[in-house]
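Visitor: Here you go, entry02.cif (mmCIF, C-alpha atoms and all ligand atoms):
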data_structure
loop_
_atom_site.label_atom_id
_atom_site.label_comp_id
_atom_site.auth_asym_id
_atom_site.auth_seq_id
_atom_site.Cartn_x
_atom_site.Cartn_y
_atom_site.Cartn_z
CA MET A 1395 4.14 -14.97 37.17
CA GLU A 1396 6.48 -14.36 34.25
CA SER A 1397 4.71 -12.26 31.58
CA LYS A 1398 4.53 -13.53 28.03
CA GLY A 1399 5.54 -11.14 25.28
CA SER A 1400 3.20 -9.93 22.56
CA PHE A 1401 3.35 -7.79 19.47
CA VAL A 1402 0.90 -5.37 17.88
CA ALA A 1403 1.43 -3.33 14.72
CA VAL A 1404 -0.62 -0.14 14.63
CA GLY A 1405 -1.15 2.50 11.95
CA LEU A 1406 -0.82 6.22 12.62
CA GLY A 1407 -2.69 7.21 9.49
CA MET A 1408 -1.31 9.76 7.06
CA MET A 1409 -2.06 13.07 8.76
CA LEU A 1410 -0.17 13.93 11.90
CA GLY A 1411 -2.42 13.78 14.95
CA ALA A 1412 -5.62 13.50 12.91
CA HIS A 1413 -5.91 9.87 11.86
CA LEU A 1414 -4.91 7.85 14.93
CA SER A 1415 -7.72 5.58 16.13
CA PRO A 1416 -8.55 5.38 19.85
CA ARG A 1417 -7.64 1.69 19.78
CA SER A 1418 -4.20 2.29 18.27
CA ARG A 1419 -3.60 5.18 20.67
CA SER A 1420 -4.36 2.93 23.60
CA GLU A 1421 -1.95 0.25 22.27
CA ILE A 1422 0.79 2.88 22.04
CA GLU A 1423 0.07 4.15 25.55
CA GLN A 1424 -0.09 0.75 27.18
CA ALA A 1425 2.82 -1.06 25.54
CA ASP A 1426 6.00 -1.81 27.49
CA ALA A 1427 8.13 -0.99 24.46
CA VAL A 1428 7.22 1.16 21.45
CA PHE A 1429 9.08 1.21 18.12
CA ALA A 1430 8.26 3.57 15.26
CA LEU A 1431 8.79 3.71 11.53
CA VAL A 1432 7.00 6.83 10.42
CA SER A 1433 7.08 9.23 7.48
CA ASP A 1434 9.26 11.99 8.94
CA ALA A 1435 11.03 13.44 11.95
CA ILE A 1436 8.12 15.71 12.93
CA VAL A 1437 5.82 12.71 13.26
CA GLU A 1438 8.44 10.96 15.37
CA LEU A 1439 8.71 14.02 17.67
CA TRP A 1440 4.91 14.06 18.02
CA LEU A 1441 4.95 10.39 19.04
CA GLN A 1442 7.74 11.04 21.50
CA ARG A 1443 5.45 13.39 23.41
CA MET A 1444 3.16 10.41 23.95
CA ARG A 1445 6.02 7.98 24.53
CA PRO A 1446 9.32 9.62 25.51
CA ASP A 1447 10.90 6.13 25.48
CA LEU A 1448 10.00 5.66 21.77
CA ARG A 1449 12.61 3.75 19.78
CA SER A 1450 12.97 4.81 16.16
CA LEU A 1451 13.46 2.13 13.51
CA GLN A 1452 14.69 4.78 11.04
CA PRO A 1453 18.43 4.33 11.83
CA TYR A 1454 18.26 0.80 10.41
CA TYR A 1455 17.94 2.37 6.94
CA ALA A 1456 21.07 3.55 5.14
CA GLU A 1457 21.84 4.59 1.57
CA GLY A 1458 23.45 1.63 -0.19
CA LYS A 1459 22.16 -0.90 2.38
CA ARG A 1460 19.57 -3.35 1.08
CA ARG A 1461 16.13 -2.52 2.45
CA THR A 1462 15.56 -6.23 3.10
CA ASP A 1463 18.56 -6.20 5.51
CA SER A 1464 17.15 -3.14 7.26
CA TYR A 1465 13.75 -4.83 7.56
CA ARG A 1466 15.28 -7.96 9.08
CA GLU A 1467 17.17 -5.91 11.67
CA MET A 1468 14.02 -3.93 12.56
CA ILE A 1469 12.08 -7.15 13.11
CA ASP A 1470 14.95 -8.62 15.17
CA ALA A 1471 15.01 -5.51 17.39
CA MET A 1472 11.26 -5.73 18.09
CA MET A 1473 11.31 -9.50 18.53
CA ALA A 1474 14.13 -9.28 21.10
CA GLU A 1475 11.72 -7.30 23.32
CA VAL A 1476 8.83 -9.69 22.66
CA ARG A 1477 11.03 -12.64 23.64
CA ALA A 1478 12.02 -10.76 26.81
CA GLY A 1479 8.34 -10.93 27.82
CA ARG A 1480 7.34 -7.38 26.90
CA ARG A 1481 4.17 -6.08 25.31
CA VAL A 1482 5.60 -4.51 22.17
CA CYS A 1483 3.92 -2.02 19.85
CA GLY A 1484 5.27 -1.17 16.38
CA VAL A 1485 3.93 2.12 15.05
CA PHE A 1486 3.90 2.65 11.30
CA TYR A 1487 2.55 5.53 9.23
CA GLY A 1488 -0.58 4.98 7.19
CA HIS A 1489 -2.00 1.45 7.46
CA PRO A 1490 0.61 -0.97 8.81
CA GLY A 1491 -0.49 -3.66 6.39
CA VAL A 1492 -0.55 -1.64 3.16
CA PHE A 1493 2.59 -1.79 1.03
CA ALA A 1494 4.59 -2.38 4.20
CA GLN A 1495 6.64 -5.53 4.79
CA VAL A 1496 7.95 -5.09 8.34
CA PRO A 1497 4.60 -5.11 10.17
CA HIS A 1498 3.34 -8.20 8.28
CA HIS A 1499 6.59 -10.10 8.82
CA ALA A 1500 6.83 -9.08 12.47
CA VAL A 1501 3.28 -10.30 13.17
CA ALA A 1502 3.99 -13.58 11.33
CA ARG A 1503 7.31 -14.11 13.15
CA ALA A 1504 5.81 -13.42 16.58
CA ARG A 1505 2.96 -15.87 15.91
CA ALA A 1506 5.37 -18.50 14.57
CA GLU A 1507 7.30 -18.25 17.84
CA GLY A 1508 4.11 -18.74 19.86
CA PHE A 1509 3.45 -15.16 20.90
CA GLU A 1510 0.20 -13.27 20.55
CA ALA A 1511 0.39 -10.83 17.68
CA GLU A 1512 -2.06 -8.68 15.76
CA MET A 1513 -2.41 -5.69 13.48
CA GLN A 1514 -4.63 -2.67 13.95
CA PRO A 1515 -5.59 -0.90 10.72
CA GLY A 1516 -4.85 2.73 9.97
CA ILE A 1517 -5.81 5.28 7.32
CA SER A 1518 -3.57 4.62 4.31
CA ALA A 1519 -2.50 6.76 1.37
CA GLU A 1520 -5.09 4.78 -0.59
CA ASP A 1521 -7.88 5.95 1.71
CA CYS A 1522 -6.76 9.56 1.38
CA LEU A 1523 -6.54 9.20 -2.40
CA TYR A 1524 -10.16 8.04 -2.64
CA ALA A 1525 -11.24 11.08 -0.61
CA ASP A 1526 -9.02 13.70 -2.27
CA LEU A 1527 -9.50 12.55 -5.86
CA GLY A 1528 -13.18 11.66 -5.47
CA VAL A 1529 -12.62 8.08 -6.57
CA ASP A 1530 -14.90 5.21 -5.58
CA PRO A 1531 -13.12 1.93 -6.34
CA ALA A 1532 -16.51 0.36 -7.04
CA THR A 1533 -17.23 2.53 -10.08
CA TYR A 1534 -14.76 0.92 -12.50
CA GLY A 1535 -12.84 -1.44 -10.23
CA CYS A 1536 -9.42 -0.50 -8.97
CA GLN A 1537 -6.03 -2.15 -9.48
CA HIS A 1538 -3.10 -1.53 -7.15
CA TYR A 1539 0.46 -2.33 -8.13
CA GLU A 1540 3.93 -1.55 -6.94
CA ALA A 1541 5.81 0.31 -9.70
CA SER A 1542 8.84 -1.99 -9.90
CA GLN A 1543 6.70 -5.12 -9.83
CA LEU A 1544 4.96 -3.82 -12.96
CA LEU A 1545 8.35 -3.77 -14.69
CA PHE A 1546 9.88 -6.93 -13.23
CA PHE A 1547 6.86 -9.12 -14.00
CA ARG A 1548 4.38 -9.39 -16.83
CA ARG A 1549 1.04 -8.39 -15.33
CA ARG A 1550 -2.34 -8.08 -16.99
CA LEU A 1551 -3.58 -4.52 -16.62
CA ASP A 1552 -7.17 -3.65 -17.37
CA PRO A 1553 -7.32 -0.11 -18.83
CA SER A 1554 -11.07 0.04 -18.20
CA ALA A 1555 -10.44 0.02 -14.43
CA TYR A 1556 -8.78 2.59 -12.19
CA LEU A 1557 -5.09 1.96 -11.58
CA VAL A 1558 -3.01 3.07 -8.60
CA ILE A 1559 0.77 2.66 -8.82
CA TRP A 1560 2.73 2.82 -5.56
CA GLN A 1561 6.38 3.66 -5.00
CA ILE A 1562 6.85 5.38 -8.35
CA GLY A 1563 9.85 7.15 -6.81
CA LEU A 1564 11.60 3.78 -6.65
CA THR A 1565 10.53 2.52 -10.09
CA GLY A 1566 12.92 -0.16 -11.33
CA ASP A 1567 15.20 -0.28 -8.28
CA ARG A 1568 16.62 -3.79 -8.46
CA SER A 1569 19.27 -3.13 -5.81
CA LEU A 1570 16.66 -2.51 -3.07
CA ALA A 1571 19.28 -0.13 -1.73
CA ARG A 1572 18.42 3.17 -3.42
CA TYR A 1573 16.25 6.02 -2.22
CA GLY A 1574 15.05 7.24 -5.58
CA THR A 1575 15.40 6.33 -9.24
CA GLY A 1576 15.30 8.65 -12.22
CA PRO A 1577 13.47 9.43 -15.48
CA ALA A 1578 15.03 6.56 -17.46
CA TYR A 1579 13.30 4.01 -15.22
CA ARG A 1580 9.97 5.84 -15.36
CA ARG A 1581 10.22 5.88 -19.17
CA LEU A 1582 10.04 2.07 -18.99
CA LEU A 1583 6.93 2.37 -16.83
CA ILE A 1584 5.33 4.70 -19.40
CA GLU A 1585 6.18 2.15 -22.09
CA ARG A 1586 4.57 -0.59 -20.02
CA LEU A 1587 1.35 1.41 -19.58
CA VAL A 1588 1.19 2.39 -23.26
CA GLU A 1589 1.66 -1.29 -24.15
CA ALA A 1590 -1.29 -2.08 -21.86
CA GLY A 1591 -3.56 0.37 -23.68
CA TYR A 1592 -3.11 3.73 -21.95
CA PRO A 1593 -2.43 6.43 -24.60
CA PRO A 1594 0.67 8.65 -23.97
CA GLU A 1595 -1.61 11.70 -23.72
CA HIS A 1596 -3.85 10.03 -21.10
CA GLU A 1597 -4.16 12.21 -18.00
CA VAL A 1598 -2.63 10.74 -14.85
CA VAL A 1599 -2.28 12.22 -11.38
CA ILE A 1600 0.81 12.46 -9.20
CA TYR A 1601 -0.75 12.28 -5.77
CA GLU A 1602 0.63 13.06 -2.32
CA ALA A 1603 -1.74 13.05 0.65
CA ALA A 1604 -1.33 15.90 3.13
CA THR A 1605 0.61 14.75 6.17
CA LEU A 1606 0.20 17.93 8.24
CA PRO A 1607 -3.17 19.51 9.09
CA ILE A 1608 -1.96 22.84 7.65
CA ALA A 1609 -0.95 21.29 4.32
CA THR A 1610 -2.97 20.51 1.19
CA PRO A 1611 -2.58 17.35 -0.87
CA ARG A 1612 -0.49 17.43 -4.04
CA ILE A 1613 -2.75 16.62 -6.99
CA GLU A 1614 -0.72 17.18 -10.14
CA ARG A 1615 -2.41 16.24 -13.40
CA ILE A 1616 -0.02 15.46 -16.24
CA PRO A 1617 -0.12 13.43 -19.47
CA LEU A 1618 1.25 9.92 -18.99
CA SER A 1619 4.13 10.84 -21.32
CA GLY A 1620 5.18 13.56 -18.83
CA LEU A 1621 5.79 11.09 -16.00
CA ALA A 1622 9.49 10.62 -16.78
CA ALA A 1623 10.30 14.32 -16.42
CA ALA A 1624 7.90 14.96 -13.52
CA ASP A 1625 8.97 15.76 -9.96
CA VAL A 1626 8.45 12.35 -8.40
CA ARG A 1627 9.26 11.79 -4.73
CA LEU A 1628 9.36 8.84 -2.37
CA GLN A 1629 5.89 9.74 -1.09
CA SER A 1630 4.36 10.07 -4.59
CA THR A 1631 1.66 7.69 -5.78
CA LEU A 1632 0.41 7.60 -9.36
CA ALA A 1633 -3.34 7.53 -9.97
CA VAL A 1634 -4.36 6.45 -13.47
CA PRO A 1635 -8.04 6.84 -14.37
CA PRO A 1636 -9.56 4.36 -16.82
CA ALA A 1637 -8.56 4.89 -20.44
CA ARG A 1638 -11.31 2.77 -22.02
CA PRO A 1639 -14.98 2.13 -21.33
CA MET A 1640 -15.95 -1.17 -19.73
CA VAL A 1641 -17.21 -3.69 -22.28
CA ARG A 1642 -20.61 -5.22 -21.54
CA ASP A 1643 -20.62 -9.01 -21.56
CA GLU A 1644 -23.84 -9.53 -23.54
CA ALA A 1645 -23.57 -13.33 -23.45
CA MET A 1646 -23.33 -13.37 -19.65
CA LEU A 1647 -26.16 -10.83 -19.33
CA ALA A 1648 -28.33 -13.11 -21.48
CA ARG A 1649 -27.55 -16.07 -19.22
CA ILE A 1650 -28.47 -14.03 -16.13
CA ASP A 1651 -31.74 -13.02 -17.84
CA ALA A 1652 -32.44 -16.70 -18.50
CA ILE A 1653 -31.94 -17.54 -14.79
CA ASP A 1654 -34.16 -14.59 -13.78
CA ALA A 1655 -36.87 -15.79 -16.21
CA SER A 1656 -36.74 -19.37 -14.93
CA ILE A 1657 -37.06 -18.15 -11.31
CA ARG A 1658 -40.03 -15.97 -12.32
CA ALA A 1659 -41.57 -19.05 -13.93
CA GLY A 1660 -41.32 -20.86 -10.59
CA GLU A 1661 -38.27 -22.97 -11.44
CA SER A 1662 -35.16 -23.21 -9.25
CA GLY A 1663 -32.98 -21.21 -11.59
CA ASP A 1664 -30.30 -23.94 -11.37
CA ALA A 1665 -31.07 -25.41 -14.79
CA THR A 1666 -28.44 -23.38 -16.68
CA PRO A 1667 -25.44 -25.70 -17.20
CA LEU A 1668 -22.02 -24.50 -16.07
CA ASP A 1669 -20.09 -23.11 -19.05
CA VAL A 1670 -16.70 -24.66 -18.31
CA ARG A 1671 -15.06 -22.96 -21.31
CA SER A 1672 -15.72 -19.59 -19.70
CA LEU A 1673 -13.74 -20.74 -16.62
CA GLU A 1674 -10.76 -21.92 -18.68
CA SER A 1675 -9.76 -18.59 -20.22
C1 LIG A 1701 6.19 1.71 1.92
S1 LIG A 1701 4.72 2.35 1.25
C2 LIG A 1701 3.85 2.75 2.71
C3 LIG A 1701 2.38 2.95 2.53
C4 LIG A 1701 1.64 3.15 3.85
N1 LIG A 1701 1.76 1.98 4.68
C5 LIG A 1701 0.17 3.49 3.67
O1 LIG A 1701 -0.64 2.92 4.41
O2 LIG A 1701 -0.19 4.30 2.83
C6 LIG A 1701 5.30 3.87 0.62
C7 LIG A 1701 4.48 4.31 -0.57
O3 LIG A 1701 3.22 4.76 -0.10
C8 LIG A 1701 2.79 5.86 -0.86
N2 LIG A 1701 2.75 7.04 0.00
C9 LIG A 1701 3.45 7.30 1.11
N3 LIG A 1701 3.16 8.52 1.58
C10 LIG A 1701 2.24 9.04 0.74
C11 LIG A 1701 1.53 10.26 0.68
N4 LIG A 1701 1.70 11.21 1.58
N5 LIG A 1701 0.66 10.43 -0.34
C12 LIG A 1701 0.45 9.49 -1.29
N6 LIG A 1701 1.09 8.33 -1.27
C13 LIG A 1701 1.97 8.09 -0.27
C14 LIG A 1701 3.82 6.06 -1.97
O4 LIG A 1701 3.42 5.31 -3.12
C15 LIG A 1701 5.05 5.50 -1.32
O5 LIG A 1701 6.02 5.13 -2.27
#
For this file, write the structure as structure tokens.
Guide:
Amino acid sequence: MESKGSFVAVGLGMMLGAHLSPRSRSEIEQADAVFALVSDAIVELWLQRMRPDLRSLQPYYAEGKRRTDSYREMIDAMMAEVRAGRRVCGVFYGHPGVFAQVPHHAVARARAEGFEAEMQPGISAEDCLYADLGVDPATYGCQHYEASQLLFFRRRLDPSAYLVIWQIGLTGDRSLARYGTGPAYRRLLIERLVEAGYPPEHEVVIYEAATLPIATPRIERIPLSGLAAADVRLQSTLAVPPARPMVRDEAMLARIDAIDASIRAGESGDATPLDVRSLES
């Protein structure tokens, strides 16, 4: 019987050899064709020991070539194997679904063409950040944005929540073809954050998770105003702690108290009318 192709995107995690789940390992071992887009050449060599037939997606990137063109070619290469009836595994560093377009689009394309496709999670830079910086996203809430998106669009930042800004090394790259932008672009990002209520002297962290077991994470604390001149790399993520306390919503707390009281009094608690005005803002 002719076999039907399938696609799975798996995450390698951030640290070489330390974060790969048994499930993802088994997908890599059992696939007919394995493609990889990982953080560096050492990781690729490590994967090649598991799969000597590994096909790197890295050569699709080139300075001056739009990343969207590279992504399309990567997806085409993997889909050609799926259409040929093979079980295809795409291996990506971190979590394949976190700030990563190719795995999401490849899964969607395979499904749209009638093939089975799924994603297996991995340990992302975000997960490492929570562990290394001792941050629990529940404490103040946590916002995640891509650096350029913060400049290209008007977003509503909440300075009483934690803020994580991804791809600060590519801040403001409208060409989608560069592999690093400079201080002038990051100055605009500083301006944006100051506008949103983060003081220039507010302490922020340039964070880089360790990718080798012998390495330590980079945790560089600087004032927000120092971001333009800082050594920012492609793998840098900016962590911005809250700059303001959370403001208690006394009116809402009073309404909750009223519901609690009515339940205690043996009523249903449903008597409080819906405040539509509060939903309109
Ligand atoms: C295309 S995204 C890939 C993220 C990846 N899928 C993950 O799960 O973390 C690249 C961005 O991830 C972040 N990143 C990548 N490597 C990192 C590292 N070692 N430490 C901290 N952040 C990292 C940076 O913000 C970088 O610009």
Visitor: May I ask you to write as number ranges by chain all residues lying at most 9 Å from ligand LIG 1701 (chain A), with only C-alpha atoms and all ligand atoms counted?
Guide: A: 1405-1409, 1433, 1486-1495, 1515-1523, 1540-1541, 1558-1564, 1600-1605, 1611-1612, 1627-1632
Visitor: Excluding same-chain residues fewer than 6 positions from A:Glu1510, what lies within 9 Å of it counting all atoms listed in the file, as a list of chain:residue names?
Guide: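 The neighbour list is A:Lys1398, A:Gly1399, A:Ser1400, A:Phe1401, A:Val1402, A:Val1501, A:Ala1504.
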Visitor: Quote the spacing between atom CA of A:Met1444 and atom CA of A:Arg1503 in Å to one decimal place.
Guide: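 Taking atom CA of A:Met1444 as the start and atom CA of A:Arg1503 as the end point, the length is 27.1 Å.
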Visitor: Record the distance separating atom CA of A:Ala1478 and atom CA of A:Asp1434, expressed in Å with one decimal.
Guide: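 Atom CA of A:Ala1478 sits 29.1 Å away from atom CA of A:Asp1434.
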Visitor: Could you check which of A:Pro1607, A:Pro1553, A:Pro1453, A:Pro1531 is closest to A:Glu1467, using all atoms listed in the file?
Guide: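 Residue with the minimum atom-to-atom distance to A:Glu1467: A:Pro1453.
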Visitor: Pick the closest to A:Leu1527 from A:Ala1659, A:Leu1570, A:Ile1613, A:Val1476: which is it, counting all atoms listed in the file?
Guide: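 Checking each of A:Ala1659, A:Leu1570, A:Ile1613, A:Val1476 against A:Leu1527, counting all atoms listed in the file, the winner is A:Ile1613.
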